[in-house]
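The file entry25.pdb comes next; it holds PDB, C-alpha atoms and all ligand atoms.
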```pdb
MODEL        1
ATOM      1  CA  MET A   7       0.000   0.000   0.000
ATOM      2  CA  SER A   8       1.246   3.541  -0.709
ATOM      3  CA  ALA A   9       3.030   5.513   2.005
ATOM      4  CA  GLN A  10       0.507   8.399   1.877
ATOM      5  CA  THR A  11      -2.383   6.328   3.309
ATOM      6  CA  LYS A  12      -2.584   7.760   6.769
ATOM      7  CA  THR A  13      -6.057   8.052   8.271
ATOM      8  CA  VAL A  14      -8.017   5.395  10.137
ATOM      9  CA  GLY A  15     -10.765   5.626   7.501
ATOM     10  CA  GLU A  16      -8.309   5.094   4.657
ATOM     11  CA  MET A  17      -6.725   2.108   6.384
ATOM     12  CA  LEU A  18     -10.187   0.601   6.860
ATOM     13  CA  GLU A  19     -11.123   1.147   3.207
ATOM     14  CA  TYR A  20      -7.850  -0.478   2.232
ATOM     15  CA  GLY A  21      -8.623  -3.532   4.402
ATOM     16  CA  GLN A  22     -12.175  -3.696   3.137
ATOM     17  CA  LYS A  23     -10.980  -3.746  -0.463
ATOM     18  CA  LEU A  24      -8.341  -6.396   0.239
ATOM     19  CA  PHE A  25     -10.890  -8.632   1.957
ATOM     20  CA  GLU A  26     -13.508  -8.165  -0.756
ATOM     21  CA  GLN A  27     -10.967  -9.199  -3.379
ATOM     22  CA  SER A  28      -9.944 -12.272  -1.380
ATOM     23  CA  ASP A  29     -11.839 -15.512  -0.786
ATOM     24  CA  ILE A  30     -11.929 -15.267   3.006
ATOM     25  CA  TYR A  31     -15.045 -16.447   4.807
ATOM     26  CA  PHE A  32     -16.855 -14.320   7.398
ATOM     27  CA  GLY A  33     -18.480 -16.124  10.289
ATOM     28  CA  HIS A  34     -16.322 -15.629  13.331
ATOM     29  CA  GLY A  35     -17.623 -12.392  14.797
ATOM     30  CA  THR A  36     -18.265 -10.338  11.663
ATOM     31  CA  ASP A  37     -20.199 -10.868   8.436
ATOM     32  CA  ASN A  38     -18.609  -8.334   6.086
ATOM     33  CA  ALA A  39     -15.262  -6.977   4.915
ATOM     34  CA  TRP A  40     -15.556  -3.537   6.565
ATOM     35  CA  ASP A  41     -16.279  -4.936  10.040
ATOM     36  CA  GLU A  42     -13.459  -7.444   9.623
ATOM     37  CA  ALA A  43     -11.057  -4.564   8.901
ATOM     38  CA  VAL A  44     -12.417  -2.615  11.899
ATOM     39  CA  TYR A  45     -11.847  -5.679  14.122
ATOM     40  CA  LEU A  46      -8.190  -6.024  13.157
ATOM     41  CA  LEU A  47      -7.347  -2.322  13.014
ATOM     42  CA  SER A  48      -8.982  -1.721  16.427
ATOM     43  CA  SER A  49      -6.688  -4.266  18.042
ATOM     44  CA  VAL A  50      -3.578  -2.461  16.798
ATOM     45  CA  LEU A  51      -4.861   1.002  17.730
ATOM     46  CA  ASN A  52      -6.443  -0.201  21.005
ATOM     47  CA  LEU A  53      -9.856   1.114  20.045
ATOM     48  CA  PRO A  54     -12.990  -0.078  21.862
ATOM     49  CA  PRO A  55     -15.628  -1.975  19.800
ATOM     50  CA  ASP A  56     -17.966   1.031  20.003
ATOM     51  CA  ALA A  57     -15.348   3.591  18.894
ATOM     52  CA  ASP A  58     -16.753   6.862  17.560
ATOM     53  CA  ARG A  59     -16.838   7.482  13.807
ATOM     54  CA  SER A  60     -15.034  10.790  14.372
ATOM     55  CA  LEU A  61     -11.867   8.684  14.783
ATOM     56  CA  LEU A  62     -11.980   7.891  11.060
ATOM     57  CA  ASP A  63     -10.066  11.115  10.352
ATOM     58  CA  ASN A  64      -7.291  10.400  12.870
ATOM     59  CA  SER A  65      -3.928   9.745  11.339
ATOM     60  CA  VAL A  66      -2.221   6.368  11.688
ATOM     61  CA  SER A  67       1.520   6.284  12.250
ATOM     62  CA  ALA A  68       3.704   4.524   9.670
ATOM     63  CA  ASP A  69       4.560   1.908  12.270
ATOM     64  CA  ASP A  70       0.897   1.143  12.980
ATOM     65  CA  GLN A  71       0.074   1.146   9.270
ATOM     66  CA  GLU A  72       2.636  -1.594   8.846
ATOM     67  CA  LYS A  73       1.225  -3.632  11.754
ATOM     68  CA  ILE A  74      -2.356  -3.299  10.497
ATOM     69  CA  THR A  75      -1.363  -4.292   6.965
ATOM     70  CA  ALA A  76       0.444  -7.361   8.331
ATOM     71  CA  LEU A  77      -2.722  -8.438  10.181
ATOM     72  CA  TYR A  78      -4.877  -7.956   7.065
ATOM     73  CA  GLN A  79      -2.422 -10.048   5.077
ATOM     74  CA  ARG A  80      -2.257 -12.815   7.692
ATOM     75  CA  ARG A  81      -6.061 -12.981   7.756
ATOM     76  CA  ILE A  82      -6.046 -13.572   3.988
ATOM     77  CA  ASP A  83      -2.975 -15.788   3.625
ATOM     78  CA  GLU A  84      -3.644 -18.133   6.537
ATOM     79  CA  ARG A  85      -7.461 -17.847   6.568
ATOM     80  CA  VAL A  86      -7.233 -17.441  10.364
ATOM     81  CA  PRO A  87     -10.391 -16.119  12.047
ATOM     82  CA  ALA A  88      -9.685 -12.539  13.173
ATOM     83  CA  PRO A  89     -10.253 -13.221  16.912
ATOM     84  CA  TYR A  90      -7.395 -15.763  16.865
ATOM     85  CA  ILE A  91      -5.150 -13.026  15.485
ATOM     86  CA  THR A  92      -6.191 -10.429  18.071
ATOM     87  CA  LYS A  93      -6.627 -13.045  20.860
ATOM     88  CA  GLN A  94      -9.913 -11.441  21.799
ATOM     89  CA  ALA A  95     -13.571 -12.111  21.036
ATOM     90  CA  TRP A  96     -16.762 -10.429  22.191
ATOM     91  CA  PHE A  97     -19.781 -12.249  23.549
ATOM     92  CA  CYS A  98     -22.766 -10.566  25.251
ATOM     93  CA  THR A  99     -20.698  -7.351  24.933
ATOM     94  CA  LEU A 100     -18.031  -8.920  27.203
ATOM     95  CA  PRO A 101     -14.421  -9.460  26.115
ATOM     96  CA  PHE A 102     -13.001 -13.005  26.151
ATOM     97  CA  TYR A 103      -9.466 -14.224  25.629
ATOM     98  CA  VAL A 104      -9.447 -16.785  22.812
ATOM     99  CA  ASP A 105      -6.912 -18.837  20.922
ATOM    100  CA  GLU A 106      -6.943 -22.034  18.887
ATOM    101  CA  ARG A 107      -7.639 -24.188  21.969
ATOM    102  CA  VAL A 108     -11.300 -23.038  21.888
ATOM    103  CA  ILE A 109     -13.797 -22.057  19.211
ATOM    104  CA  VAL A 110     -14.505 -18.402  18.585
ATOM    105  CA  PRO A 111     -17.656 -17.502  20.588
ATOM    106  CA  ARG A 112     -20.676 -16.872  18.334
ATOM    107  CA  SER A 113     -23.584 -18.740  19.887
ATOM    108  CA  PRO A 114     -27.101 -17.284  19.483
ATOM    109  CA  ILE A 115     -27.537 -18.269  23.143
ATOM    110  CA  ALA A 116     -26.146 -14.758  23.847
ATOM    111  CA  GLU A 117     -29.600 -13.376  23.035
ATOM    112  CA  LEU A 118     -31.226 -15.719  25.565
ATOM    113  CA  ILE A 119     -28.756 -14.613  28.230
ATOM    114  CA  TYR A 120     -29.626 -10.944  27.555
ATOM    115  CA  ASN A 121     -33.264 -11.887  28.147
ATOM    116  CA  GLN A 122     -32.341 -13.904  31.248
ATOM    117  CA  PHE A 123     -33.789 -17.005  29.572
ATOM    118  CA  GLN A 124     -37.334 -15.642  29.876
ATOM    119  CA  PRO A 125     -39.870 -17.196  29.979
ATOM    120  CA  TRP A 126     -38.002 -20.471  30.610
ATOM    121  CA  CYS A 127     -36.418 -19.478  33.897
ATOM    122  CA  THR A 128     -39.352 -18.192  35.928
ATOM    123  CA  GLU A 129     -37.099 -17.792  38.965
ATOM    124  CA  SER A 130     -33.472 -16.682  38.910
ATOM    125  CA  PRO A 131     -31.410 -19.896  38.619
ATOM    126  CA  LYS A 132     -29.207 -20.451  41.678
ATOM    127  CA  LYS A 133     -27.026 -23.105  40.052
ATOM    128  CA  ILE A 134     -26.115 -23.073  36.376
ATOM    129  CA  LEU A 135     -24.061 -25.535  34.363
ATOM    130  CA  ASP A 136     -22.416 -24.469  31.091
ATOM    131  CA  LEU A 137     -21.692 -27.828  29.518
ATOM    132  CA  CYS A 138     -19.064 -27.767  26.738
ATOM    133  CA  THR A 139     -17.844 -24.398  27.883
ATOM    134  CA  GLY A 140     -14.806 -23.773  25.628
ATOM    135  CA  SER A 141     -13.703 -20.212  26.398
ATOM    136  CA  GLY A 142     -16.313 -20.080  29.170
ATOM    137  CA  CYS A 143     -18.234 -17.363  27.337
ATOM    138  CA  ILE A 144     -21.755 -18.716  27.934
ATOM    139  CA  GLY A 145     -21.299 -19.544  31.618
ATOM    140  CA  ILE A 146     -19.396 -16.359  32.393
ATOM    141  CA  ALA A 147     -22.039 -14.232  30.651
ATOM    142  CA  CYS A 148     -24.656 -16.134  32.723
ATOM    143  CA  ALA A 149     -22.742 -15.220  35.873
ATOM    144  CA  TYR A 150     -23.107 -11.535  34.914
ATOM    145  CA  ALA A 151     -26.805 -11.988  34.082
ATOM    146  CA  PHE A 152     -27.558 -13.792  37.371
ATOM    147  CA  GLU A 153     -25.396 -12.085  39.952
ATOM    148  CA  ARG A 154     -26.146 -14.513  42.782
ATOM    149  CA  ALA A 155     -25.816 -17.736  40.816
ATOM    150  CA  GLN A 156     -23.087 -20.331  41.249
ATOM    151  CA  VAL A 157     -21.881 -21.339  37.805
ATOM    152  CA  VAL A 158     -20.032 -24.510  36.825
ATOM    153  CA  LEU A 159     -18.193 -24.624  33.509
ATOM    154  CA  CYS A 160     -17.361 -28.037  32.116
ATOM    155  CA  ASP A 161     -15.364 -29.263  29.136
ATOM    156  CA  ILE A 162     -13.672 -32.507  28.126
ATOM    157  CA  SER A 163     -10.618 -30.699  26.766
ATOM    158  CA  PRO A 164      -7.850 -29.787  29.248
ATOM    159  CA  GLU A 165      -6.477 -27.352  26.648
ATOM    160  CA  ALA A 166      -9.826 -25.572  26.360
ATOM    161  CA  LEU A 167     -10.028 -25.408  30.150
ATOM    162  CA  GLU A 168      -6.730 -23.510  30.255
ATOM    163  CA  VAL A 169      -8.484 -20.798  28.256
ATOM    164  CA  THR A 170     -11.586 -21.047  30.456
ATOM    165  CA  ALA A 171      -9.372 -20.424  33.493
ATOM    166  CA  ILE A 172      -7.869 -17.303  31.919
ATOM    167  CA  ASN A 173     -11.355 -15.903  31.342
ATOM    168  CA  ILE A 174     -12.655 -16.718  34.832
ATOM    169  CA  GLN A 175      -9.668 -14.864  36.214
ATOM    170  CA  GLN A 176      -9.931 -11.928  33.818
ATOM    171  CA  HIS A 177     -13.559 -11.460  34.805
ATOM    172  CA  ASP A 178     -12.656 -11.845  38.476
ATOM    173  CA  LEU A 179     -15.344 -14.478  39.000
ATOM    174  CA  ASP A 180     -13.371 -17.149  40.899
ATOM    175  CA  SER A 181     -15.716 -16.942  43.889
ATOM    176  CA  ARG A 182     -18.812 -17.962  41.901
ATOM    177  CA  VAL A 183     -17.548 -19.689  38.784
ATOM    178  CA  THR A 184     -15.656 -22.991  38.780
ATOM    179  CA  ALA A 185     -14.375 -25.115  35.913
ATOM    180  CA  ILE A 186     -14.352 -28.909  35.761
ATOM    181  CA  GLU A 187     -12.819 -31.329  33.289
ATOM    182  CA  SER A 188     -15.472 -33.855  32.383
ATOM    183  CA  ASP A 189     -16.698 -35.984  29.502
ATOM    184  CA  LEU A 190     -20.337 -34.913  29.635
ATOM    185  CA  PHE A 191     -21.381 -35.665  33.256
ATOM    186  CA  SER A 192     -18.747 -38.345  33.962
ATOM    187  CA  SER A 193     -16.997 -36.250  36.647
ATOM    188  CA  PHE A 194     -20.278 -35.355  38.363
ATOM    189  CA  GLU A 195     -21.963 -37.574  40.887
ATOM    190  CA  SER A 196     -25.709 -37.616  40.474
ATOM    191  CA  SER A 197     -26.746 -36.075  43.817
ATOM    192  CA  ALA A 198     -28.871 -33.193  45.095
ATOM    193  CA  ASN A 199     -25.637 -31.237  45.370
ATOM    194  CA  ASN A 200     -25.111 -31.705  41.663
ATOM    195  CA  SER A 201     -28.543 -30.537  40.545
ATOM    196  CA  PHE A 202     -28.717 -27.491  38.358
ATOM    197  CA  ASP A 203     -31.634 -25.126  37.799
ATOM    198  CA  LEU A 204     -30.330 -24.486  34.316
ATOM    199  CA  ILE A 205     -28.070 -26.526  32.066
ATOM    200  CA  VAL A 206     -27.058 -24.605  28.976
ATOM    201  CA  SER A 207     -24.914 -26.103  26.251
ATOM    202  CA  ASN A 208     -23.430 -25.292  22.893
ATOM    203  CA  PRO A 209     -21.940 -28.725  22.226
ATOM    204  CA  PRO A 210     -20.249 -30.099  19.120
ATOM    205  CA  TYR A 211     -23.040 -30.694  16.568
ATOM    206  CA  VAL A 212     -21.598 -30.494  13.053
ATOM    207  CA  ASP A 213     -22.473 -33.511  10.925
ATOM    208  CA  ALA A 214     -19.912 -35.322   8.777
ATOM    209  CA  ASP A 215     -21.096 -33.790   5.465
ATOM    210  CA  ASP A 216     -21.009 -30.223   6.774
ATOM    211  CA  LEU A 217     -17.639 -30.815   8.420
ATOM    212  CA  ALA A 218     -16.124 -31.875   5.112
ATOM    213  CA  GLN A 219     -17.375 -28.710   3.402
ATOM    214  CA  MET A 220     -16.525 -26.064   5.964
ATOM    215  CA  PRO A 221     -14.480 -23.052   4.841
ATOM    216  CA  ASP A 222     -10.772 -23.089   5.736
ATOM    217  CA  GLU A 223     -11.307 -20.712   8.673
ATOM    218  CA  TYR A 224     -12.969 -23.534  10.633
ATOM    219  CA  SER A 225      -9.904 -25.760  10.321
ATOM    220  CA  HIS A 226      -8.231 -23.491  12.891
ATOM    221  CA  GLU A 227     -10.877 -24.464  15.457
ATOM    222  CA  PRO A 228     -10.537 -27.697  17.515
ATOM    223  CA  ASP A 229     -12.185 -30.695  15.793
ATOM    224  CA  LEU A 230     -13.420 -31.806  19.180
ATOM    225  CA  ALA A 231     -15.505 -28.646  19.380
ATOM    226  CA  LEU A 232     -17.291 -29.157  16.066
ATOM    227  CA  ALA A 233     -17.577 -32.803  15.009
ATOM    228  CA  SER A 234     -20.281 -35.017  16.480
ATOM    229  CA  GLY A 235     -20.660 -38.088  14.312
ATOM    230  CA  ASP A 236     -22.459 -38.732  11.034
ATOM    231  CA  ASP A 237     -25.638 -36.814  11.814
ATOM    232  CA  GLY A 238     -24.097 -34.318  14.266
ATOM    233  CA  LEU A 239     -26.017 -35.776  17.205
ATOM    234  CA  ASP A 240     -23.572 -38.133  18.963
ATOM    235  CA  PHE A 241     -23.129 -35.728  21.876
ATOM    236  CA  THR A 242     -26.749 -34.543  22.022
ATOM    237  CA  ARG A 243     -28.113 -38.109  22.191
ATOM    238  CA  ARG A 244     -25.967 -38.792  25.263
ATOM    239  CA  LEU A 245     -26.978 -35.478  26.788
ATOM    240  CA  LEU A 246     -30.693 -36.207  26.352
ATOM    241  CA  ARG A 247     -30.231 -39.565  28.068
ATOM    242  CA  GLU A 248     -28.423 -38.170  31.089
ATOM    243  CA  ALA A 249     -29.433 -34.541  31.675
ATOM    244  CA  ALA A 250     -32.522 -35.197  33.829
ATOM    245  CA  ASN A 251     -30.293 -36.710  36.543
ATOM    246  CA  TYR A 252     -28.538 -33.366  36.957
ATOM    247  CA  LEU A 253     -31.510 -30.993  36.906
ATOM    248  CA  THR A 254     -33.610 -29.757  39.811
ATOM    249  CA  GLU A 255     -37.349 -30.446  39.825
ATOM    250  CA  GLN A 256     -38.077 -27.215  37.928
ATOM    251  CA  GLY A 257     -34.818 -27.345  35.976
ATOM    252  CA  VAL A 258     -34.488 -26.680  32.254
ATOM    253  CA  LEU A 259     -32.073 -27.809  29.578
ATOM    254  CA  ILE A 260     -31.200 -25.414  26.740
ATOM    255  CA  VAL A 261     -29.105 -26.789  23.885
ATOM    256  CA  GLU A 262     -27.831 -25.428  20.575
ATOM    257  CA  VAL A 263     -27.774 -27.922  17.712
ATOM    258  CA  GLY A 264     -27.754 -25.531  14.717
ATOM    259  CA  ASN A 265     -28.933 -27.129  11.510
ATOM    260  CA  SER A 266     -28.700 -30.583  13.090
ATOM    261  CA  SER A 267     -32.175 -29.670  14.387
ATOM    262  CA  VAL A 268     -33.578 -31.396  11.301
ATOM    263  CA  ALA A 269     -31.809 -34.667  12.180
ATOM    264  CA  LEU A 270     -32.868 -34.297  15.825
ATOM    265  CA  GLU A 271     -36.554 -33.949  14.957
ATOM    266  CA  LYS A 272     -36.214 -36.964  12.696
ATOM    267  CA  ALA A 273     -34.455 -39.050  15.358
ATOM    268  CA  PHE A 274     -37.017 -38.241  18.062
ATOM    269  CA  PRO A 275     -40.345 -37.514  16.339
ATOM    270  CA  GLN A 276     -42.351 -38.067  19.543
ATOM    271  CA  VAL A 277     -40.433 -35.493  21.592
ATOM    272  CA  PRO A 278     -41.951 -31.973  21.722
ATOM    273  CA  PHE A 279     -38.746 -29.935  21.408
ATOM    274  CA  THR A 280     -39.435 -26.211  21.835
ATOM    275  CA  TRP A 281     -37.353 -24.345  19.257
ATOM    276  CA  LEU A 282     -36.460 -20.846  20.385
ATOM    277  CA  GLU A 283     -36.890 -17.751  18.242
ATOM    278  CA  PHE A 284     -34.117 -15.266  17.668
ATOM    279  CA  SER A 285     -34.182 -11.702  16.380
ATOM    280  CA  GLU A 286     -31.824 -12.736  13.582
ATOM    281  CA  GLY A 287     -32.085 -16.080  11.839
ATOM    282  CA  ASP A 288     -32.885 -19.531  13.036
ATOM    283  CA  GLY A 289     -30.667 -20.403  15.980
ATOM    284  CA  GLY A 290     -31.350 -24.167  16.159
ATOM    285  CA  VAL A 291     -31.652 -23.979  19.963
ATOM    286  CA  PHE A 292     -34.169 -26.101  21.872
ATOM    287  CA  VAL A 293     -35.523 -26.195  25.411
ATOM    288  CA  LEU A 294     -36.713 -29.229  27.327
ATOM    289  CA  THR A 295     -37.740 -29.210  30.969
ATOM    290  CA  ARG A 296     -36.653 -31.915  33.404
ATOM    291  CA  THR A 297     -40.258 -33.087  33.473
ATOM    292  CA  GLN A 298     -40.197 -33.569  29.687
ATOM    293  CA  LEU A 299     -36.820 -35.319  29.795
ATOM    294  CA  ARG A 300     -38.265 -37.770  32.323
ATOM    295  CA  GLN A 301     -41.494 -38.155  30.366
ATOM    296  CA  TYR A 302     -39.675 -39.064  27.150
ATOM    297  CA  ALA A 303     -36.814 -40.986  28.806
ATOM    298  CA  ASP A 304     -37.737 -44.170  26.923
ATOM    299  CA  CYS A 305     -37.219 -42.415  23.570
ATOM    300  CA  PHE A 306     -33.705 -41.393  24.569
ATOM    301  CA  GLY A 307     -32.770 -44.999  25.396
TER     302      GLY A 307
HETATM  303  C1  LIG A 401     -19.008 -25.794  20.028
HETATM  304  S1  LIG A 401     -17.779 -25.688  21.286
HETATM  305  C2  LIG A 401     -18.607 -24.518  22.347
HETATM  306  C3  LIG A 401     -17.712 -23.668  23.192
HETATM  307  C4  LIG A 401     -18.443 -22.538  23.912
HETATM  308  N1  LIG A 401     -19.523 -23.035  24.722
HETATM  309  C5  LIG A 401     -18.961 -21.505  22.928
HETATM  310  O1  LIG A 401     -20.173 -21.381  22.754
HETATM  311  O2  LIG A 401     -18.132 -20.803  22.346
HETATM  312  C6  LIG A 401     -17.968 -27.237  22.076
HETATM  313  C7  LIG A 401     -17.058 -27.554  23.255
HETATM  314  O3  LIG A 401     -17.445 -28.852  23.742
HETATM  315  C8  LIG A 401     -16.313 -29.531  24.218
HETATM  316  N2  LIG A 401     -16.656 -30.966  24.231
HETATM  317  C9  LIG A 401     -16.664 -31.834  23.180
HETATM  318  N3  LIG A 401     -17.039 -33.062  23.589
HETATM  319  C10 LIG A 401     -17.297 -32.973  24.925
HETATM  320  C11 LIG A 401     -17.713 -33.901  25.915
HETATM  321  N4  LIG A 401     -17.952 -35.184  25.605
HETATM  322  N5  LIG A 401     -17.884 -33.472  27.181
HETATM  323  C12 LIG A 401     -17.630 -32.182  27.503
HETATM  324  N6  LIG A 401     -17.210 -31.244  26.612
HETATM  325  C13 LIG A 401     -17.067 -31.627  25.333
HETATM  326  C14 LIG A 401     -15.217 -29.130  23.255
HETATM  327  O4  LIG A 401     -13.944 -29.319  23.831
HETATM  328  C15 LIG A 401     -15.579 -27.653  22.963
HETATM  329  O5  LIG A 401     -14.851 -26.798  23.821
ENDMDL
END
```
Would you mind writing the file's structure down as structure tokens?
Ligand SMILES: C[S@@+](CC[C@H](N)C(=O)[O-])C[C@H]1O[C@@H](n2cnc3c(N)ncnc32)[C@H](O)[C@@H]1O
Amino acid sequence: MSAQTKTVGEMLEYGQKLFEQSDIYFGHGTDNAWDEAVYLLSSVLNLPPDADRSLLDNSVSADDQEKITALYQRRIDERVPAPYITKQAWFCTLPFYVDERVIVPRSPIAELIYNQFQPWCTESPKKILDLCTGSGCIGIACAYAFERAQVVLCDISPEALEVTAINIQQHDLDSRVTAIESDLFSSFESSANNSFDLIVSNPPYVDADDLAQMPDEYSHEPDLALASGDDGLDFTRRLLREAANYLTEQGVLIVEVGNSSVALEKAFPQVPFTWLEFSEGDGGVFVLTRTQLRQYADCFG
């Protein structure tokens, strides 16, 4: 790029053009070339996500121009999702440390957290489990939404849990939020002490066909976080079998399965899954109460 490009706005236009001319895929925090450029430039210039447009006329030093250009180029050459480059992602307007040990947070469950899971949680949940926590984004955002709740974050991956720990510490939530390594519920004893008012999960749910066709950006994310057997339901089937044992009487289970919702409906035609509505798009998130899980236990095997 030419040496005279100096303002924030010009650097963003430059990034936008580069991205539009490339074959990068958007889906890890942004959905267009301009926002992608803003994301990367903001990390170099230490700008907040809601930075004022008046900053567009600020000049960018030659040194920073070089750093920003290098990030743009890395995004294109390596097809790395931008949050892995900046080591930061946003979820429920909260910042989270991320790297390749966890997926980049993007669950539509954020919208449910904003709404405090209404009308599904009639009372504030006292104990919440974020199953398959990755960076911890869902459980940590729940801890902000329900200030008196105890929150347990669980993941099978010790590497992911290293990232979870960083985020618990960065949000200063050690007193209310704990992390556990567990394959589903295997590290939990089924006891009153281990009953949750709310279990929320964004588990792996990508089916084999989709996995084979995913854009290169997804290859930077852990396989363990995405793949879940031929029809994307290996994990969810186990969860449906076991979840009732870890819910309180009035407890609810909220699970994201994305477009594996079609396979789920087909696998369990008798079960009245409630599919939640989102302001943007179809989130593929269902709710079942403990009572329903018990009622349809025979279907889950
Ligand atoms: C789709 S990611 C979700 C991460 C995070 N909740 C989010 O929304 O960004 C799924 C996570 O489930 C974890 N996982 C996969 N299989 C698991 C299992 N059997 N038990 C517990 N966690 C599992 C993976 O390590 C990964 O971190």
| Contacts with ligand LIG 401 (chain A) at most 6 Å, all atoms listed in the file counted, listed as a list in words | Val108, Ile109, Val110, Pro111, Ser113, Cys138, Thr139, Gly140, Ser141, Ile144, Asp161, Ile162, Ser163, Ala166, Ser188, Asp189, Leu190, Asn208, Pro209, Pro210, Leu230, Ala231 and Leu232 of chain A
| query | Leaving out A:Leu18 and any residue of its chain fewer than 5 positions from it, which residues lie within 8 Å of it when counting all atoms listed in the file, given as a PyMOL selection string? | reply | chain A and resi 40+43-44+47
Could you give me, as JSON lines, every stretch 128-243 of chain A residue with an atom at most 10 Å from stretch 84-90 of chain A, plus its closest atom pair and distance in Å to one decimal, counting all atoms listed in the file, rows ordered by chain then number?
```
{"residue": "A:Pro221", "atom": "CA", "partner": "A:Arg85", "partner_atom": "CA", "distance": 8.9}
{"residue": "A:Asp222", "atom": "CA", "partner": "A:Arg85", "partner_atom": "CA", "distance": 6.3}
{"residue": "A:Glu223", "atom": "CA", "partner": "A:Arg85", "partner_atom": "CA", "distance": 5.2}
{"residue": "A:Tyr224", "atom": "CA", "partner": "A:Pro87", "partner_atom": "CA", "distance": 8.0}
{"residue": "A:Ser225", "atom": "CA", "partner": "A:Val86", "partner_atom": "CA", "distance": 8.7}
{"residue": "A:His226", "atom": "CA", "partner": "A:Val86", "partner_atom": "CA", "distance": 6.6}
{"residue": "A:Glu227", "atom": "CA", "partner": "A:Pro87", "partner_atom": "CA", "distance": 9.0}
```
| field | Coordinates-based distance that separates atom CA of A:Tyr31 from atom CA of A:Asp69 (Å, one decimal) | value | 27.9 Å
| task | Please measure the separation of atom CA of A:Asn199 and atom CA of A:Ala116, giving the value in Å to one decimal. | result |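 For atom CA of A:Asn199 relative to atom CA of A:Ala116, the distance reads 27.1 Å.
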What residues come out when you apply the PyMOL selection byres (((chain A and resi 182) around 8) and not hetatm) to this file, written as a short mmCIF file (atom, residue, chain, number, x, y, z; two decimals) with C-alpha atoms, in the frame of the given file?
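Now in out.cif:
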```
data_model
loop_
_atom_site.label_atom_id
_atom_site.label_comp_id
_atom_site.auth_asym_id
_atom_site.auth_seq_id
_atom_site.Cartn_x
_atom_site.Cartn_y
_atom_site.Cartn_z
CA ALA A 149 -22.74 -15.22 35.87
CA ALA A 155 -25.82 -17.74 40.82
CA GLN A 156 -23.09 -20.33 41.25
CA VAL A 157 -21.88 -21.34 37.80
CA LEU A 179 -15.34 -14.48 39.00
CA ASP A 180 -13.37 -17.15 40.90
CA SER A 181 -15.72 -16.94 43.89
CA VAL A 183 -17.55 -19.69 38.78
CA THR A 184 -15.66 -22.99 38.78
#
```
| task | Please measure the separation of atom CA of A:Asn121 and atom CA of A:Tyr252, giving the value in Å to one decimal. | result |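 Going from atom CA of A:Asn121 over to atom CA of A:Tyr252 covers 23.7 Å.
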When the PyMOL selection byres (((chain A and resi 126-132) around 6) and not hetatm) is applied to the structure above, which residues does it catch, written out as a JSON list (two decimals) with C-alpha atoms, in the coordinates of the input?
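Final file, result-v8.json:
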```
[["chain", "number", "residue", "atom", "x", "y", "z"],
["A", 123, "PHE", "CA", -33.79, -17.00, 29.57],
["A", 124, "GLN", "CA", -37.33, -15.64, 29.88],
["A", 125, "PRO", "CA", -39.87, -17.20, 29.98],
["A", 133, "LYS", "CA", -27.03, -23.10, 40.05],
["A", 155, "ALA", "CA", -25.82, -17.74, 40.82],
["A", 203, "ASP", "CA", -31.63, -25.13, 37.80]]
```
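Nearest to A:Gln27 of all the residues A:Glu271, A:Ala218, A:Lys12, A:Ile82 is A:Ile82, counting all atoms listed in the file.
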| said: Residues within 9 Å of A:Glu42, please, as an NGL selection string. Count all atoms listed in the file; anything in the same chain fewer than 6 positions from it doesn't count. | reply: :A and (21-22 or 25 or 32 or 35-36 or 78 or 88)
Once you add 5 Å to each side, what are the centre and edge lengths of the axis-aligned box holding all listed atoms of stretch 181-186 of chain A? One decimal in Å, as AutoDock Vina command-line options, if you can.
```
--center_x -16.6 --center_y -22.9 --center_z 39.8 --size_x 14.5 --size_y 22.0 --size_z 18.1
```
| message | I'd like to know which of A:Glu262, A:Asp236, A:Glu187, A:Asp83 is closest to A:Pro164, using all atoms listed in the file. | response |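 For A:Pro164, the nearest of the candidates is A:Glu187.
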Contact table stretch 90-137 of chain A vs stretch 280-299 of chain A, cut-off 8 Å, shortest pair per residue, all atoms listed in the file, as CSV:
```
residue,atom,partner,partner_atom,distance
A:Pro114,CA,A:Gly289,CA,5.9
A:Ile115,CA,A:Val291,CA,7.7
A:Glu117,CA,A:Phe284,CA,7.3
```
| field | Counting only C-alpha atoms, the residue of A:Ile260, A:Leu246, A:Ala233, A:Met17 that sits nearest A:Val277 | value |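 Smallest separation from A:Val277 among the options: A:Leu246.
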| message | List the spatial neighbours of A:Gly235 as a PyMOL selection string - criterion: any atom at most 7 Å away, all atoms listed in the file, same-chain residues fewer than 4 positions off excluded. | response | chain A and resi 213-214+239-240
Go ahead and save the picked residues with C-alpha atoms, as a tab-separated table (two decimals), keeping the file's coordinate frame.
```tsv
chain	number	residue	atom	x	y	z
A	213	ASP	CA	-22.47	-33.51	10.92
A	214	ALA	CA	-19.91	-35.32	8.78
A	239	LEU	CA	-26.02	-35.78	17.20
A	240	ASP	CA	-23.57	-38.13	18.96
```
| task | Within 10 Å of A:Glu195, counting only C-alpha atoms, which residues show up once you throw out same-chain ones fewer than 5 positions away? Write them as an MDAnalysis selection string, please. | result | chainID A and resid 200:201 251:252
Residues as selected, C-alpha atoms, written as a PDB file, in the frame of the given file, can you do that?
```pdb
ATOM      1  CA  ASN A 200     -25.111 -31.705  41.663  1.00  0.00           C
ATOM      2  CA  SER A 201     -28.543 -30.537  40.545  1.00  0.00           C
ATOM      3  CA  ASN A 251     -30.293 -36.710  36.543  1.00  0.00           C
ATOM      4  CA  TYR A 252     -28.538 -33.366  36.957  1.00  0.00           C
TER       5      TYR A 252
END
```
| task | Starting from the shown file, work through the PyMOL selection byres (((chain A and resi 173) around 7) and not hetatm) and note down what comes out as a list in words. | result |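 With the PyMOL selection byres (((chain A and resi 173) around 7) and not hetatm) on this model, the match is Phe102, Tyr103, Ser141, Gly142, Val169, Thr170, Ala171, Ile172, Ile174, Gln175, Gln176 and His177 of chain A.
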